[in-house]
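One structure is given below, encoded as structure tokens.
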Amino acid sequence: MTTTARTTLVTGATGTTGRRVTAGLAAEGHRVRATSRTAAPVEGAQSVRFDWNEPATWDAALDGVDRAYLVPPVGSSDPAAVMVPFLRRARAAGMRRAVLLSSSAIPAGGPAVGRVHQVLPDLFEEWAVLRPSWFMQNFTGDTPHARSIREEGAIRTACGQGRVGFVDAADIAAVAVRALTDDQAANTDLVLTGPQALSYDEAAAAIAEVTGRPVVHRHLTFEQLRDRWAAEIPLEFATMLAGMDRAIADGAEDRTTDTVERLTGRPPGTFRDFVEREVR
């Protein structure tokens, strides 16, 4: 095990990727400052309260930090409004490396976190942007897909027969740890996928086969999905999310990459292995 005096900031440290990144860093002996809005205790890390929307919480999070894993504020259609001022403060405080969680669907300069991606190389000499495909974890826990699977035996999307290279959050976190700690910074964006691209019909069939419960994919139109989301979140954000499904239908996510294996030295986990392990 290697140890280092450097401190790594992990935002969203109780979330899907953040808690896995924190655990991976701690397992390698790195000092971690784990942040959340409640400063919830995180094993192997110093817990600090942090809120993107409360600049008064920023300095304590940044004190002595050398690098950071950045999870954008959840549900925001304009994360750059708070993230860019924070990153400028981080640079002034001495932070050298930033690893940003984005999405395979959003390039530099694109909507939402794409604006943060665009400015990151100008703020830090050492950086990486993780652009994972859709999370396998979207089918577990309290996510919309997981709830509809449990309650209705259905997954609803506007993706049609489009295919997605679903990726396990454990693999995203493993890449993040390398991007944060390897001597040579990536200094690029990294598109992360699982080993195969699946349609939602195929994903539903795999879940049904493993769990022994009927699960089907219900095909919605763009408008139906947008309106479904808009009942819970702002229309602008709902429209963006529905637009991502429409892009999948048009083939935007029908790809796989070797990034996980190239950076971690092991192949990414399969969707079936994930379902057998985590879907109940």
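Note on naming: chains are A, B, ... as they come in the structure tokens, residues start from 1 per chain, ligands start from 1 in the order shown.
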
Practice item. Compile the contact shell of stretch 182-186 of chain A as a list in words: residues with an atom at most 9 Å away, counting only C-alpha atoms, same-chain residues fewer than 6 positions apart removed. Key: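 Everything that qualifies: Arg97, Glu125, Glu126, Trp127, Ala128 and Val129 of chain A.
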
Produce a file of the selected residues containing N, CA and C atoms, as a PDB file, in the first residue's frame.
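Result saved to part.pdb:
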```
ATOM      1  N   ARG A  97      -5.094  19.345  -9.553  1.00  0.00           N
ATOM      2  CA  ARG A  97      -5.691  18.366 -10.462  1.00  0.00           C
ATOM      3  C   ARG A  97      -7.187  18.259 -10.198  1.00  0.00           C
ATOM      4  N   GLU A 125      -3.721  22.541 -14.977  1.00  0.00           N
ATOM      5  CA  GLU A 125      -2.778  21.879 -15.867  1.00  0.00           C
ATOM      6  C   GLU A 125      -2.981  20.375 -15.864  1.00  0.00           C
ATOM      7  N   GLU A 126      -3.513  19.842 -14.764  1.00  0.00           N
ATOM      8  CA  GLU A 126      -3.763  18.404 -14.645  1.00  0.00           C
ATOM      9  C   GLU A 126      -5.263  18.190 -14.488  1.00  0.00           C
ATOM     10  N   TRP A 127      -5.845  17.406 -15.402  1.00  0.00           N
ATOM     11  CA  TRP A 127      -7.296  17.267 -15.376  1.00  0.00           C
ATOM     12  C   TRP A 127      -7.725  16.003 -16.123  1.00  0.00           C
ATOM     13  N   ALA A 128      -8.960  15.627 -15.908  1.00  0.00           N
ATOM     14  CA  ALA A 128      -9.611  14.578 -16.689  1.00  0.00           C
ATOM     15  C   ALA A 128     -11.111  14.785 -16.575  1.00  0.00           C
ATOM     16  N   VAL A 129     -11.821  14.407 -17.616  1.00  0.00           N
ATOM     17  CA  VAL A 129     -13.282  14.413 -17.578  1.00  0.00           C
ATOM     18  C   VAL A 129     -13.746  12.992 -17.853  1.00  0.00           C
TER      19      VAL A 129
END
```

Check your understanding: A:Ala112, A:Ala176, A:Leu70, A:Val215: which is nearest A:Asp201, counting only C-alpha atoms?
Key ->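 Of all the options, A:Val215 lies closest to A:Asp201.
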
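Each of A:Trp58, A:Gly15, A:Asp258, A:Ser76 was compared to A:Ile233 using only C-alpha atoms, and A:Ser76 turns out to be the nearest.
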
Review point. Quick one: residues within 12 Å of A:Asp171, only C-alpha atoms counted, chain neighbours fewer than 4 positions away excluded, as a PyMOL selection string?
Key: chain A and resi 16-17+20-21+24+130+132-133+135-137+166-167+175-178+191-195+258-270+274

Within 10 Å of A:Ala39, counting only C-alpha atoms, which residues show up once you throw out same-chain ones fewer than 3 positions away? Write them as a compact mmCIF listing (two decimals) with N, CA, C and O atoms, in the first residue's frame, please.
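Output saved as part_1.txt:
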```txt
# COMPACT_ATOMS: atom_id res chain seq x y z
N ALA A 13 -19.68 12.52 -1.81
CA ALA A 13 -18.98 11.32 -1.32
C ALA A 13 -19.91 10.24 -0.79
O ALA A 13 -19.45 9.13 -0.52
N THR A 14 -21.19 10.54 -0.64
CA THR A 14 -22.14 9.50 -0.23
C THR A 14 -22.95 8.99 -1.42
O THR A 14 -23.84 8.16 -1.25
N ALA A 34 -14.06 13.82 2.40
CA ALA A 34 -15.34 13.39 1.82
C ALA A 34 -16.40 14.41 2.16
O ALA A 34 -16.67 14.67 3.33
N THR A 35 -17.04 14.97 1.14
CA THR A 35 -18.03 16.01 1.38
C THR A 35 -19.43 15.56 1.01
O THR A 35 -19.63 14.76 0.10
N SER A 36 -20.37 16.10 1.74
CA SER A 36 -21.79 15.94 1.43
C SER A 36 -22.51 17.09 2.10
O SER A 36 -21.94 17.83 2.91
N VAL A 42 -18.02 9.03 6.55
CA VAL A 42 -17.62 8.14 5.46
C VAL A 42 -16.36 7.41 5.92
O VAL A 42 -15.36 8.05 6.26
N GLN A 46 -12.05 11.99 6.05
CA GLN A 46 -12.50 13.11 6.87
C GLN A 46 -13.77 13.68 6.24
O GLN A 46 -13.76 14.07 5.08
N SER A 47 -14.85 13.71 7.00
CA SER A 47 -16.13 14.19 6.46
C SER A 47 -16.30 15.67 6.73
O SER A 47 -16.08 16.13 7.86
N VAL A 48 -16.72 16.40 5.70
CA VAL A 48 -16.91 17.84 5.80
C VAL A 48 -18.21 18.21 5.10
O VAL A 48 -18.54 17.66 4.05
N ARG A 49 -18.92 19.17 5.67
CA ARG A 49 -20.14 19.64 5.03
C ARG A 49 -19.78 20.51 3.84
O ARG A 49 -18.89 21.36 3.90
N PHE A 50 -20.49 20.27 2.73
CA PHE A 50 -20.25 21.03 1.51
C PHE A 50 -21.53 21.09 0.70
O PHE A 50 -22.23 20.09 0.56
N ASP A 51 -21.80 22.28 0.17
CA ASP A 51 -22.97 22.44 -0.70
C ASP A 51 -22.55 23.36 -1.84
O ASP A 51 -22.07 24.48 -1.61
```

Revision key, fill the gap. Separating atom CA of A:Gly29 from atom CA of A:Thr11, to the nearest tenth of an Å, is a gap of 18.5 Å

Practice item. Choose the residue, out of A:Ala108, A:Val74, A:Ala90, A:Val99, that has the smallest atom-to-atom separation from A:Ala60; count only C-alpha atoms. Key: A:Ala90

Exercise for review: Give the helix (DSSP H, G or I) residues of stretch 8-107 of chain A, as assigned by DSSP on the backbone, as a PyMOL selection string.
Suggested key: chain A and resi 18-27+55-62+80-92

Could you take the residues named above and write them with C-alpha atoms, as a CSV table (one decimal), in the first residue's frame?
```csv
chain,number,residue,atom,x,y,z
A,18,GLY,CA,-18.4,9.3,-4.8
A,19,ARG,CA,-18.6,6.6,-2.1
A,20,ARG,CA,-16.8,4.1,-4.4
A,21,VAL,CA,-14.1,6.7,-5.3
A,22,THR,CA,-13.6,7.4,-1.6
A,23,ALA,CA,-13.3,3.7,-0.7
A,24,GLY,CA,-10.9,3.2,-3.6
A,25,LEU,CA,-8.7,6.1,-2.5
A,26,ALA,CA,-8.7,5.0,1.1
A,27,ALA,CA,-7.8,1.5,0.2
A,55,PRO,CA,-20.1,29.3,-1.0
A,56,ALA,CA,-19.6,29.6,2.7
A,57,THR,CA,-18.9,25.9,2.8
A,58,TRP,CA,-16.3,25.9,0.1
A,59,ASP,CA,-13.2,27.1,1.9
A,60,ALA,CA,-13.3,24.3,4.6
A,61,ALA,CA,-13.7,21.8,1.9
A,62,LEU,CA,-10.7,23.1,-0.1
A,80,ALA,CA,-21.4,25.8,-14.4
A,81,ALA,CA,-23.1,28.7,-12.6
A,82,VAL,CA,-21.8,27.4,-9.3
A,83,MET,CA,-19.0,25.0,-10.3
A,84,VAL,CA,-16.9,27.4,-12.3
A,85,PRO,CA,-16.7,30.0,-9.4
A,86,PHE,CA,-15.8,27.1,-7.1
A,87,LEU,CA,-13.1,25.8,-9.4
A,88,ARG,CA,-11.6,29.3,-9.7
A,89,ARG,CA,-11.4,29.4,-5.9
A,90,ALA,CA,-9.9,25.9,-5.8
A,91,ARG,CA,-7.2,26.9,-8.2
A,92,ALA,CA,-6.4,30.0,-6.1
```

Check your understanding: Where does DSSP see strand (DSSP E or B) in stretch 26-185 of chain A, if you list the residues as a PyMOL selection string?
Key -> chain A and resi 31-36+46-49+65-70+97-101+126-132+135+154-157+163-164+167

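Distance annotation: of A:Ser102, A:Leu235, A:Ala174, A:His145, the residue with the minimal separation from A:Glu28 is A:Ala174; atom set is only C-alpha atoms.
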